[in-house]
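Below is model_36.txt, which holds compact mmCIF, C-alpha atoms.
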# COMPACT_ATOMS: atom_id res chain seq x y z
CA MET C 1 3.41 -13.60 -29.93
CA SER C 2 6.77 -12.78 -28.37
CA ILE C 3 7.55 -9.23 -27.27
CA LEU C 4 10.37 -8.86 -29.79
CA ARG C 5 8.19 -9.97 -32.68
CA SER C 6 5.61 -7.36 -31.71
CA PHE C 7 7.85 -4.46 -32.70
CA ALA C 8 9.89 -6.15 -35.46
CA ASN C 9 9.74 -4.18 -38.74
CA PRO C 10 9.35 -6.88 -41.47
CA ILE C 11 11.04 -4.87 -44.22
CA LEU C 12 12.75 -6.86 -46.95
CA PRO C 13 16.50 -7.42 -46.47
CA PHE C 14 19.10 -7.27 -49.25
CA LEU C 15 21.04 -10.13 -50.79
CA GLU C 16 24.81 -10.08 -50.61
CA ASN C 17 25.22 -9.32 -54.31
CA ASP C 18 22.65 -6.51 -54.54
CA SER C 19 24.33 -3.30 -55.68
CA LEU C 20 25.08 -0.46 -53.32
CA SER C 21 22.93 1.88 -55.46
CA THR C 22 19.96 -0.45 -55.03
CA VAL C 23 20.39 -0.25 -51.29
CA ALA C 24 20.73 3.54 -51.39
CA ASP C 25 17.56 3.86 -53.45
CA ALA C 26 15.72 1.60 -51.02
CA PHE C 27 16.49 3.95 -48.13
CA LEU C 28 14.56 6.60 -50.05
CA HIS C 29 11.44 4.42 -50.24
CA PRO C 30 8.67 5.19 -47.65
CA ASP C 31 8.81 1.62 -46.31
CA TYR C 32 12.40 2.22 -45.19
CA LYS C 33 12.13 5.84 -44.05
CA ASP C 34 12.34 5.00 -40.32
CA CYS C 35 15.20 2.53 -40.69
CA LEU C 36 18.71 3.33 -39.58
CA SER C 37 20.05 0.16 -41.18
CA ILE C 38 19.01 -2.84 -43.28
CA ALA C 39 19.96 -6.50 -42.99
CA VAL C 40 22.00 -8.28 -45.63
CA VAL C 41 21.16 -12.00 -46.01
CA ASN C 42 22.40 -14.97 -48.03
CA GLN C 43 20.32 -17.24 -50.23
CA ASN C 44 19.03 -19.10 -47.13
CA TYR C 45 17.72 -15.84 -45.62
CA GLN C 46 20.38 -15.98 -42.94
CA PRO C 47 21.82 -12.59 -41.91
CA VAL C 48 25.44 -12.14 -42.94
CA GLY C 49 25.83 -8.42 -42.36
CA MET C 50 24.22 -4.99 -41.98
CA ILE C 51 24.39 -1.74 -43.97
CA SER C 52 23.40 1.60 -42.43
CA ARG C 53 22.41 5.02 -43.76
CA HIS C 54 25.51 6.36 -42.09
CA GLN C 55 27.76 4.00 -44.09
CA LEU C 56 26.06 4.86 -47.38
CA THR C 57 26.42 8.56 -46.69
CA ASP C 58 30.14 8.12 -46.07
CA VAL C 59 30.53 6.29 -49.40
CA PHE C 60 28.35 8.52 -51.63
CA LEU C 61 29.61 11.82 -50.24
CA LYS C 62 33.02 11.00 -51.57
CA LYS C 63 33.87 12.60 -54.93
CA PHE C 64 32.27 10.47 -57.65
CA GLY C 65 31.27 8.04 -54.90
CA ARG C 66 28.11 6.81 -56.56
CA ASP C 67 29.80 6.41 -59.92
CA LEU C 68 32.76 4.59 -58.45
CA PHE C 69 31.00 2.34 -55.93
CA GLY C 70 27.30 2.27 -56.87
CA ASN C 71 27.48 -0.91 -58.96
CA ARG C 72 29.59 -2.86 -56.47
CA PRO C 73 27.85 -5.52 -54.29
CA VAL C 74 26.68 -4.48 -50.86
CA LYS C 75 28.72 -7.24 -49.24
CA ASP C 76 31.86 -5.19 -49.95
CA PHE C 77 30.62 -2.36 -47.70
CA MET C 78 28.39 -4.02 -45.10
CA ARG C 79 29.31 -4.44 -41.47
CA GLN C 80 29.98 -8.14 -41.10
CA GLU C 81 29.47 -8.26 -37.32
CA VAL C 82 25.77 -9.05 -37.22
CA LEU C 83 23.82 -7.38 -34.40
CA ALA C 84 21.06 -9.97 -34.12
CA VAL C 85 18.82 -11.40 -31.39
CA ASP C 86 16.48 -14.35 -31.53
CA VAL C 87 12.77 -13.57 -31.53
CA GLY C 88 12.32 -15.78 -28.46
CA SER C 89 14.79 -13.84 -26.31
CA THR C 90 13.58 -12.02 -23.25
CA LEU C 91 13.64 -8.26 -23.19
CA LEU C 92 16.35 -8.37 -20.55
CA ALA C 93 18.59 -10.70 -22.60
CA ALA C 94 18.00 -8.76 -25.83
CA SER C 95 18.63 -5.36 -24.28
CA SER C 96 21.75 -6.61 -22.49
CA PHE C 97 23.16 -7.97 -25.77
CA ILE C 98 22.28 -4.86 -27.80
CA THR C 99 23.58 -2.47 -25.15
CA ALA C 100 26.88 -4.34 -24.99
CA ASN C 101 27.40 -4.44 -28.77
CA MET C 102 25.79 -1.38 -30.33
CA VAL C 103 27.96 1.41 -31.72
CA PHE C 104 27.76 5.02 -30.52
CA PRO C 105 26.61 7.40 -31.78
CA LEU C 106 23.55 5.29 -32.46
CA SER C 107 23.46 4.69 -36.24
CA GLU C 108 22.11 1.13 -36.55
CA ASP C 109 19.06 -0.93 -35.86
CA PHE C 110 19.36 -4.63 -34.98
CA ILE C 111 18.22 -7.82 -36.69
CA ILE C 112 15.56 -10.11 -35.26
CA THR C 113 15.92 -13.77 -36.23
CA GLN C 114 14.13 -17.05 -35.69
CA ALA C 115 16.15 -20.25 -35.87
CA GLY C 116 18.91 -18.21 -37.50
CA ARG C 117 16.70 -16.82 -40.31
CA TYR C 118 15.75 -13.19 -40.82
CA VAL C 119 12.41 -12.04 -39.36
CA GLY C 120 12.68 -8.25 -39.36
CA MET C 121 14.51 -5.22 -38.07
CA GLY C 122 14.17 -3.84 -34.58
CA ALA C 123 14.82 -0.28 -33.44
CA VAL C 124 17.13 0.07 -30.46
CA LEU C 125 14.98 2.87 -29.07
CA HIS C 126 11.89 0.67 -29.27
CA LEU C 127 13.72 -2.08 -27.40
CA LEU C 128 14.91 0.28 -24.70
CA SER C 129 11.43 1.79 -24.42
CA ALA C 130 9.89 -1.66 -24.00
CA MET C 131 12.57 -2.48 -21.44
CA GLU C 132 11.81 0.73 -19.57
CA LYS C 133 8.10 -0.15 -19.47
CA GLN C 134 8.92 -3.62 -18.20
CA ILE C 135 11.21 -2.22 -15.52
CA SER C 136 8.52 0.28 -14.56
CA GLN C 137 5.96 -2.53 -14.31
CA SER C 138 8.41 -4.64 -12.32
CA ALA C 139 9.00 -1.69 -10.01
CA GLN C 140 5.26 -1.32 -9.52
CA ASP C 141 4.91 -5.04 -8.84
CA LEU C 142 7.85 -4.88 -6.45
CA ASN C 143 6.37 -1.87 -4.67
CA LYS C 144 3.03 -3.67 -4.37
CA ALA C 145 4.77 -6.78 -3.04
CA TYR C 146 6.72 -4.63 -0.59
CA LYS C 147 3.53 -3.02 0.69
CA GLN C 148 1.92 -6.45 1.06
CA LEU C 149 5.03 -7.69 2.88
CA SER C 150 5.04 -4.64 5.14
CA SER C 151 1.36 -5.18 5.88
CA SER C 152 1.98 -8.86 6.62
CA GLN C 153 4.94 -7.95 8.82
CA ALA C 154 2.81 -5.41 10.71
CA GLN C 155 0.13 -8.05 11.21
CA LEU C 156 2.71 -10.55 12.46
CA VAL C 157 4.16 -7.97 14.85
CA GLN C 158 0.65 -7.18 16.07
CA SER C 159 -0.04 -10.90 16.51
CA GLU C 160 3.15 -11.25 18.53
CA LYS C 161 2.10 -8.33 20.72
CA MET C 162 -1.33 -9.81 21.23
CA ALA C 163 0.23 -13.18 22.03
CA ALA C 164 2.44 -11.45 24.61
CA LEU C 165 -0.61 -9.67 26.01
CA GLY C 166 -2.51 -12.96 26.15
CA GLN C 167 0.39 -14.55 28.00
CA MET C 168 0.40 -11.65 30.45
CA VAL C 169 -3.34 -11.90 31.01
CA ALA C 170 -3.07 -15.63 31.68
CA GLY C 171 -0.22 -15.11 34.14
CA VAL C 172 -1.93 -12.20 35.90
CA ALA C 173 -5.21 -14.11 36.10
CA HIS C 174 -3.37 -16.95 37.82
CA GLU C 175 -1.65 -14.51 40.17
CA ILE C 176 -4.96 -12.81 41.00
CA ASN C 177 -6.51 -16.14 41.99
CA THR C 178 -4.34 -16.44 45.12
CA PRO C 179 -5.21 -13.11 46.81
CA LEU C 180 -8.74 -13.39 45.47
CA GLY C 181 -9.03 -16.81 47.12
CA TYR C 182 -8.17 -15.63 50.61
CA VAL C 183 -10.18 -12.42 50.17
CA ASN C 184 -13.16 -14.61 49.37
CA ASN C 185 -12.39 -16.86 52.35
CA ASN C 186 -12.07 -13.85 54.66
CA VAL C 187 -15.39 -12.47 53.47
CA GLU C 188 -17.05 -15.82 54.25
CA MET C 189 -15.56 -15.78 57.76
CA MET C 190 -16.76 -12.19 58.23
CA ARG C 191 -20.22 -13.31 57.23
CA GLU C 192 -20.14 -15.92 60.02
CA PHE C 193 -18.90 -13.31 62.50
CA PHE C 194 -21.70 -10.95 61.55
CA ALA C 195 -24.25 -13.77 61.80
CA GLN C 196 -23.10 -14.36 65.41
CA MET C 197 -23.23 -10.63 66.07
CA SER C 198 -26.73 -10.46 64.63
CA PHE C 199 -27.85 -13.34 66.89
CA MET C 200 -26.35 -11.61 69.98
CA LEU C 201 -27.86 -8.22 69.07
CA GLN C 202 -31.25 -9.86 68.72
CA ALA C 203 -30.82 -11.31 72.25
CA HIS C 204 -29.94 -7.85 73.57
CA GLU C 205 -32.95 -6.39 71.78
CA ARG C 206 -35.24 -8.99 73.37
CA VAL C 207 -33.86 -8.13 76.85
CA ALA C 208 -34.43 -4.41 76.25
CA ASN C 209 -37.96 -4.96 74.97
CA THR C 210 -38.76 -7.23 77.92
CA ILE C 211 -37.50 -4.69 80.46
CA LEU C 212 -39.36 -1.79 78.82
CA SER C 213 -42.65 -3.68 78.51
CA PRO C 214 -45.22 -2.53 81.18
CA ASN C 215 -46.56 -6.07 81.53
CA THR C 216 -43.18 -7.78 82.03
CA SER C 217 -42.74 -10.05 85.02
CA ASP C 218 -39.55 -10.87 86.86
CA LEU C 219 -39.69 -14.32 85.29
CA ASP C 220 -39.82 -12.86 81.78
CA ILE C 221 -36.79 -10.70 82.53
CA ALA C 222 -34.89 -13.65 83.98
CA GLU C 223 -35.65 -15.79 80.89
CA SER C 224 -34.49 -13.07 78.43
CA LEU C 225 -31.30 -12.51 80.43
CA ALA C 226 -30.64 -16.26 80.42
CA ALA C 227 -31.11 -16.31 76.62
CA LEU C 228 -28.62 -13.45 76.33
CA ASP C 229 -26.11 -15.34 78.46
CA ASP C 230 -26.53 -18.37 76.19
CA ALA C 231 -25.92 -16.18 73.09
CA LYS C 232 -22.72 -14.76 74.64
CA ALA C 233 -21.52 -18.07 76.09
CA ASP C 234 -19.30 -19.06 73.13
CA ILE C 235 -18.05 -15.58 72.29
CA ASP C 236 -14.88 -13.94 73.63
CA LEU C 237 -15.52 -10.39 72.52
CA THR C 238 -11.89 -9.29 72.95
CA GLN C 239 -10.60 -12.13 70.77
CA TRP C 240 -13.59 -11.77 68.47
CA PHE C 241 -12.77 -8.14 67.61
CA ALA C 242 -9.04 -8.94 67.30
CA ASP C 243 -9.83 -11.73 64.79
CA LEU C 244 -12.18 -9.45 62.91
CA ASP C 245 -9.50 -6.74 62.67
CA SER C 246 -7.03 -9.32 61.34
CA LEU C 247 -9.52 -10.44 58.70
CA PHE C 248 -10.01 -6.86 57.55
CA THR C 249 -6.23 -6.31 57.37
CA ASP C 250 -5.70 -9.48 55.30
CA THR C 251 -8.60 -8.61 53.03
CA PHE C 252 -7.30 -5.11 52.35
CA TYR C 253 -3.85 -6.57 51.63
CA GLY C 254 -5.34 -9.02 49.11
CA VAL C 255 -7.31 -6.26 47.44
CA GLU C 256 -4.13 -4.16 47.17
CA GLN C 257 -2.32 -7.08 45.55
CA ILE C 258 -5.10 -7.47 43.02
CA SER C 259 -5.11 -3.72 42.36
CA GLU C 260 -1.33 -3.80 41.84
CA LEU C 261 -1.59 -6.66 39.34
CA VAL C 262 -4.41 -4.99 37.43
CA SER C 263 -2.48 -1.71 37.33
CA GLY C 264 0.56 -3.52 35.96
CA LEU C 265 -1.52 -5.26 33.32
CA LYS C 266 -3.08 -1.91 32.38
CA ASP C 267 0.39 -0.55 31.58
CA PHE C 268 1.16 -3.57 29.43
CA SER C 269 -2.16 -3.41 27.63
CA ARG C 270 -1.00 -0.18 25.97
CA LEU C 271 1.58 -1.98 23.83
CA ASP C 272 0.43 -0.19 20.68
CA GLN C 273 0.70 3.32 22.11
CA ALA C 274 3.90 5.30 21.82
CA VAL C 275 3.40 7.66 24.77
CA MET C 276 6.70 9.23 25.78
CA ASP C 277 7.13 9.85 29.48
CA ASN C 278 9.85 10.45 32.05
CA ILE C 279 10.36 7.14 33.81
CA SER C 280 12.91 5.22 35.83
CA LEU C 281 14.17 2.03 34.24
CA ASN C 282 13.87 0.46 37.70
CA ASP C 283 10.10 0.98 37.57
CA CYS C 284 9.98 -0.87 34.25
CA VAL C 285 11.95 -3.75 35.79
CA GLU C 286 9.57 -3.97 38.76
CA ASN C 287 6.52 -3.75 36.53
CA ALA C 288 7.75 -6.48 34.18
CA LEU C 289 8.67 -8.72 37.13
CA LEU C 290 5.18 -8.24 38.52
CA ILE C 291 3.60 -9.43 35.28
CA ALA C 292 6.12 -12.27 34.89
CA ARG C 293 5.79 -13.44 38.49
CA ASN C 294 3.68 -16.46 37.64
CA THR C 295 6.20 -17.55 35.00
CA LEU C 296 9.22 -17.08 37.28
CA LYS C 297 8.03 -18.36 40.65
CA TYR C 298 8.82 -21.87 41.87
CA LYS C 299 11.76 -22.31 39.44
CA VAL C 300 13.60 -18.97 39.23
CA GLU C 301 15.18 -17.04 42.08
CA VAL C 302 15.20 -13.36 41.14
CA ILE C 303 18.18 -11.36 42.38
CA LYS C 304 17.91 -7.58 41.94
CA ARG C 305 20.78 -5.14 42.13
CA LEU C 306 19.14 -1.91 41.09
CA GLU C 307 21.03 1.33 41.46
CA VAL C 308 19.37 4.72 41.74
CA LEU C 309 18.83 5.84 38.14
CA PRO C 310 18.10 9.16 36.47
CA HIS C 311 14.72 9.35 34.78
CA ILE C 312 14.79 9.01 31.02
CA ARG C 313 12.18 9.92 28.44
CA CYS C 314 10.92 6.83 26.67
CA THR C 315 7.83 4.75 25.91
CA ALA C 316 7.43 2.79 29.12
CA SER C 317 4.99 0.20 27.76
CA GLN C 318 7.43 -0.75 25.00
CA ILE C 319 10.39 -1.03 27.39
CA ASN C 320 8.16 -3.15 29.66
CA GLN C 321 7.45 -5.40 26.68
CA VAL C 322 11.18 -5.86 26.00
CA LEU C 323 11.95 -6.72 29.62
CA LEU C 324 9.02 -9.11 29.89
CA ASN C 325 10.25 -10.90 26.78
CA LEU C 326 13.74 -11.26 28.28
CA PHE C 327 12.37 -12.48 31.63
CA THR C 328 10.08 -14.99 29.92
CA ASN C 329 12.88 -16.29 27.69
CA ALA C 330 15.10 -16.67 30.75
CA ALA C 331 12.44 -18.70 32.56
CA GLN C 332 12.06 -20.95 29.52
CA ALA C 333 15.83 -21.41 29.24
CA ILE C 334 16.22 -22.40 32.91
CA GLY C 335 15.61 -26.07 33.67
CA ASP C 336 14.26 -27.12 37.06
CA LYS C 337 15.92 -24.43 39.15
CA GLY C 338 18.07 -21.38 38.50
CA TYR C 339 18.44 -17.70 39.14
CA LEU C 340 17.84 -14.49 37.25
CA LEU C 341 20.20 -11.62 38.05
CA ILE C 342 18.89 -8.17 37.12
CA LYS C 343 21.21 -5.18 37.44
CA THR C 344 20.77 -1.51 36.55
CA TRP C 345 23.32 1.30 36.50
CA SER C 346 24.08 4.49 34.60
CA ASP C 347 26.85 6.74 33.37
CA GLU C 348 26.88 10.27 31.97
CA GLN C 349 25.45 9.20 28.60
CA GLN C 350 23.28 6.14 29.14
CA VAL C 351 21.32 3.99 31.56
CA TYR C 352 21.75 0.23 31.51
CA VAL C 353 19.87 -2.90 32.49
CA SER C 354 21.46 -6.34 32.50
CA VAL C 355 19.38 -9.53 32.48
CA GLN C 356 21.47 -12.64 33.21
CA ASP C 357 20.14 -16.18 33.62
CA THR C 358 21.60 -19.59 34.46
CA GLY C 359 19.78 -21.30 31.60
CA LYS C 360 20.98 -23.68 28.91
CA GLY C 361 22.64 -20.91 26.86
CA ILE C 362 22.64 -20.28 23.11
CA GLU C 363 24.64 -22.23 20.55
CA PRO C 364 27.42 -20.10 18.96
CA GLN C 365 26.02 -20.63 15.44
CA ASN C 366 22.64 -19.26 16.59
CA LEU C 367 23.93 -16.29 18.57
CA ALA C 368 24.26 -14.02 15.53
CA LYS C 369 20.73 -14.83 14.37
CA ILE C 370 18.64 -14.44 17.51
CA PHE C 371 17.49 -10.93 16.57
CA ASP C 372 16.50 -11.99 13.03
CA PRO C 373 12.74 -12.03 12.36
CA PHE C 374 11.19 -15.51 12.59
CA PHE C 375 14.37 -17.17 13.89
CA THR C 376 13.62 -19.50 16.77
CA THR C 377 15.07 -22.66 18.26
CA LYS C 378 11.78 -23.55 19.92
CA PRO C 379 9.63 -26.40 18.58
CA VAL C 380 6.98 -25.60 15.98
CA GLY C 381 3.97 -23.99 17.60
CA GLN C 382 5.88 -22.77 20.67
CA GLY C 383 7.45 -19.62 19.28
CA THR C 384 7.13 -17.22 16.35
CA GLY C 385 10.71 -15.96 16.39
CA LEU C 386 9.47 -12.36 16.59
CA GLY C 387 9.94 -11.58 20.29
CA LEU C 388 13.62 -10.67 20.22
CA SER C 389 13.30 -9.10 16.76
CA ILE C 390 10.60 -6.74 18.04
CA SER C 391 12.63 -6.07 21.19
CA TYR C 392 15.67 -5.17 19.09
CA LYS C 393 13.58 -2.80 16.98
CA ILE C 394 12.06 -1.11 20.04
CA ILE C 395 15.46 -0.49 21.64
CA GLN C 396 16.89 0.72 18.32
CA GLN C 397 14.01 3.17 17.87
CA HIS C 398 14.74 4.55 21.32
CA GLY C 399 18.29 5.29 20.20
CA GLY C 400 19.70 2.50 22.35
CA SER C 401 21.40 -0.84 21.86
CA ILE C 402 20.93 -4.43 22.99
CA ARG C 403 23.72 -6.98 22.99
CA VAL C 404 24.04 -10.56 24.16
CA VAL C 405 26.70 -12.96 25.36
CA SER C 406 26.03 -16.61 26.05
CA GLN C 407 27.79 -19.83 26.99
CA VAL C 408 26.17 -23.19 26.39
CA GLY C 409 25.34 -24.89 29.67
CA LYS C 410 26.02 -21.80 31.79
CA GLY C 411 23.56 -19.14 30.73
CA THR C 412 22.92 -15.95 28.80
CA ARG C 413 23.26 -12.25 29.51
CA PHE C 414 21.47 -9.43 27.69
CA VAL C 415 22.55 -5.82 28.24
CA ILE C 416 20.29 -2.95 27.18
CA ALA C 417 21.64 0.61 26.94
CA LEU C 418 19.28 3.58 26.57
CA PRO C 419 20.32 7.22 26.11
CA ARG C 420 19.73 9.61 28.99
CA HIS C 421 18.62 12.26 26.52
CA ALA C 422 15.36 11.68 24.68
CA VAL C 423 15.27 10.62 21.05
CA LEU C 424 12.31 10.43 18.67
CA ALA C 425 10.43 7.23 19.46
CA VAL C 426 8.47 5.46 16.73
CA ALA C 427 5.76 2.94 17.47
CA ALA C 428 6.95 -0.63 17.00
Please go through the file and, once you have read it, give me the structure as structure tokens.
Amino acid sequence: MSILRSFANPILPFLENDSLSTVADAFLHPDYKDCLSIAVVNQNYQPVGMISRHQLTDVFLKKFGRDLFGNRPVKDFMRQEVLAVDVGSTLLAASSFITANMVFPLSEDFIITQAGRYVGMGAVLHLLSAMEKQISQSAQDLNKAYKQLSSSQAQLVQSEKMAALGQMVAGVAHEINTPLGYVNNNVEMMREFFAQMSFMLQAHERVANTILSPNTSDLDIAESLAALDDAKADIDLTQWFADLDSLFTDTFYGVEQISELVSGLKDFSRLDQAVMDNISLNDCVENALLIARNTLKYKVEVIKRLEVLPHIRCTASQINQVLLNLFTNAAQAIGDKGYLLIKTWSDEQQVYVSVQDTGKGIEPQNLAKIFDPFFTTKPVGQGTGLGLSISYKIIQQHGGSIRVVSQVGKGTRFVIALPRHAVLAVAA
């Protein structure tokens, strides 16, 4: 059953030639007590007009009104503009039609028809009430959909962060392999050195034991000394200790490199924390370059022009994430060889970082959309289109701005501006 039919009052209408007194008497009947108006139909049950309590009151309150007009047909007094809606209409269509055509103050109901024939009368207030319920339900559905969308968006943002973290881990793991390789090689060489030292110390120990033994002969002493000479024959102790010192130096350097990489990764692993701290934007640049080193090396020459900057209060891990995204995008945009120019500077209000590459550039029709969620020019499976969108949101939440200029075939430049005075940061 349609919604309109559910609240249609199936009271009997009047024929065109029914007398006005008959209509007036009907309004006094209990079946019609809640009606503001009644339909007037022709012989085919098609509505041709409407008569309301208000109209009857105007007629019968006149002096001798009932006597003068009571026997006349209702068609002489009815409103000929029929306020009717089809029973199959939607609530929205019906309410729009009724709202546009009803008379104020509200003194009429409306007619409900089916295929042009009378079905019943509908109260405007009932229609508006049903419409209000539908709007309320739609609002609830919309709110539920919005929450689901927000949850999905949060999950996508989290996935993008985890993808970025995974990319960092892969790059750092590759970078760690190099110092770890020569640290391992140095340790193996040290093991050989210490094996030689152990052999020589054993020869010295045998000489000492031979000399201290009460039963030792001169021949025994001579043999142990000869064995010691043989053990020392291939060893230049001066060079030996110099080589050993060099191995220790190289090993410590490799361990420091590994420690530096792990420390940088530790900062990036806190992508979901919004810890405000006083930092230099230059430190963020260096940290992001450290993590991106595996992506940039071999194909990108990094040129840094970093001025001394005032410290600003911001969420360092989030700024690191933005810079890493820009560095990674630059590396992907550059073909076989190119350079990445990174500049920082400040004025009285803001600090700035510029990231400029010599990549393929961005098409003009795409330039206005690069910060839109899910927009990407990369092939399917190679990008989510969330990196720059998240970066834009992070910078915006820090009270800053990010803008871009690009020329196809020449490269792209991003400029980030952050306020020198702290603003409320919200986790991305």
- Just how far from CA of Lys299 in chain C is CA of Ser389 in chain C, in Å to one decimal?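 Distance reported for this atom pair: 26.3 Å.
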- Task: For each of C:Leu12, C:Ala330, C:Leu20, C:Met50, take the minimum atom-to-atom distance to Asp67 in chain C, counting only C-alpha atoms, then give the residue where this is smallest.
- Result: C:Leu20
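The coordinates place CA of Arg403 in chain C at 10.7 Å from CA of Val355 in chain C.
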- Quick one: of C:Pro214, C:Pro419, C:Gly338, C:Gly411, who's nearest to Val302 in chain C, counting only C-alpha atoms?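 Once distances to Val302 in chain C are computed over only C-alpha atoms, the minimum belongs to C:Gly338.
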- Task: Mind checking which residues fall within 8 Å of Ala123 in chain C, counting only C-alpha atoms, ignoring those fewer than 6 positions away in the same chain, and posting them as a list in words?
- Result: Ala8, Cys35, Asp109 and Phe110 of chain C
- Task: For each of C:Ser401, C:Thr328, C:Asn184, C:Gln43, take the minimum atom-to-atom distance to Gln350 in chain C, counting all atoms listed in the file, then give the residue where this is smallest.
- Result: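 Under the stated criterion, the closest residue is C:Ser401.
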- Find the residues around Trp240 in chain C up to 12 Å (only C-alpha atoms counted), leave out those fewer than 6 positions away in its own chain, and share them as a list in words.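 Contacts, in chain order: Met189, Met190, Glu192, Phe193, Phe194, Gln196, Met197, Lys232, Asp234, Ser246 and Leu247 of chain C.
Proximity ranking of C:Gly70, C:Gly400, C:Gly122, C:Pro364 relative to Ile11 in chain C places C:Gly122 first, based on only C-alpha atoms.
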- When distances are computed from only C-alpha atoms, which of C:Glu16, C:Ile211, C:Tyr146, C:Leu4 shows the smallest separation from Leu128 in chain C?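 Of all the options, C:Leu4 lies closest to Leu128 in chain C.
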- Message: So, with only C-alpha atoms as the atoms that count, which of C:Ser317, C:Ser391, C:Thr412, C:Ser213 lies closest to Lys360 in chain C?
- Response: C:Thr412
- Message: I'd like the neighbourhood of Ser96 in chain C as a ChimeraX atom specification, where a residue qualifies if any of its atoms comes within 12 Å (using all atoms listed in the file), though same-chain residues fewer than 3 positions away should be ignored.
- Response: /C:85,89-93,99-102,124,127-128,131
- Task: With a distance cut-off of 6 Å and only C-alpha atoms, select the neighbouring residues of Gly49 in chain C, excluding the residue or stretch itself and same-chain residues fewer than 2 positions from it, and output the selection as a ChimeraX atom specification.
- Result: /C:40,47,78-80,82
- Task: Would you kindly return, as a list in words, each protein, DNA or RNA residue with an atom no farther than 9 Å from any atom of Ile258 in chain C, considering all atoms listed in the file and excluding same-chain residues fewer than 2 positions away?
- Result: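 Once the adjacent positions are removed, what remains is Glu175, Ile176, Asn177, Pro179, Leu180, Tyr253, Gly254, Val255, Glu256, Glu260, Leu261, Val262 and Ser263 of chain C.
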From the structure block, carefully write range 102-113 of chain C out with N, CA, C and O atoms; format it as a compact mmCIF listing (two decimals), in the first residue's frame.
# COMPACT_ATOMS: atom_id res chain seq x y z
N MET C 102 -1.56 25.23 -1.51
CA MET C 102 -2.55 25.37 -0.46
C MET C 102 -2.71 26.84 -0.06
O MET C 102 -1.81 27.66 -0.26
N VAL C 103 -3.88 27.14 0.50
CA VAL C 103 -4.24 28.51 0.86
C VAL C 103 -4.01 28.72 2.35
O VAL C 103 -4.32 27.85 3.17
N PHE C 104 -3.45 29.85 2.71
CA PHE C 104 -3.25 30.20 4.12
C PHE C 104 -4.24 31.30 4.50
O PHE C 104 -4.53 32.19 3.69
N PRO C 105 -4.81 31.31 5.70
CA PRO C 105 -4.59 30.28 6.73
C PRO C 105 -5.15 28.93 6.28
O PRO C 105 -6.07 28.88 5.47
N LEU C 106 -4.61 27.87 6.83
CA LEU C 106 -4.95 26.53 6.39
C LEU C 106 -6.43 26.23 6.69
O LEU C 106 -6.84 26.18 7.85
N SER C 107 -7.23 26.07 5.63
CA SER C 107 -8.67 25.84 5.83
C SER C 107 -9.18 24.70 4.95
O SER C 107 -10.38 24.48 4.87
N GLU C 108 -8.26 23.95 4.29
CA GLU C 108 -8.67 22.89 3.39
C GLU C 108 -7.81 21.65 3.58
O GLU C 108 -6.65 21.75 3.98
N ASP C 109 -8.43 20.52 3.29
CA ASP C 109 -7.67 19.29 3.12
C ASP C 109 -7.36 19.17 1.63
O ASP C 109 -7.58 20.09 0.86
N PHE C 110 -6.82 18.01 1.21
CA PHE C 110 -6.58 17.81 -0.22
C PHE C 110 -7.16 16.46 -0.64
O PHE C 110 -7.42 15.58 0.20
N ILE C 111 -7.37 16.31 -1.92
CA ILE C 111 -8.01 15.11 -2.47
C ILE C 111 -6.93 14.13 -2.91
O ILE C 111 -5.91 14.52 -3.50
N ILE C 112 -7.16 12.87 -2.63
CA ILE C 112 -6.28 11.80 -3.10
C ILE C 112 -7.02 11.03 -4.19
O ILE C 112 -8.16 10.60 -3.99
N THR C 113 -6.39 10.89 -5.35
CA THR C 113 -7.03 10.23 -6.49
C THR C 113 -6.21 9.05 -6.97
O THR C 113 -5.03 8.92 -6.62
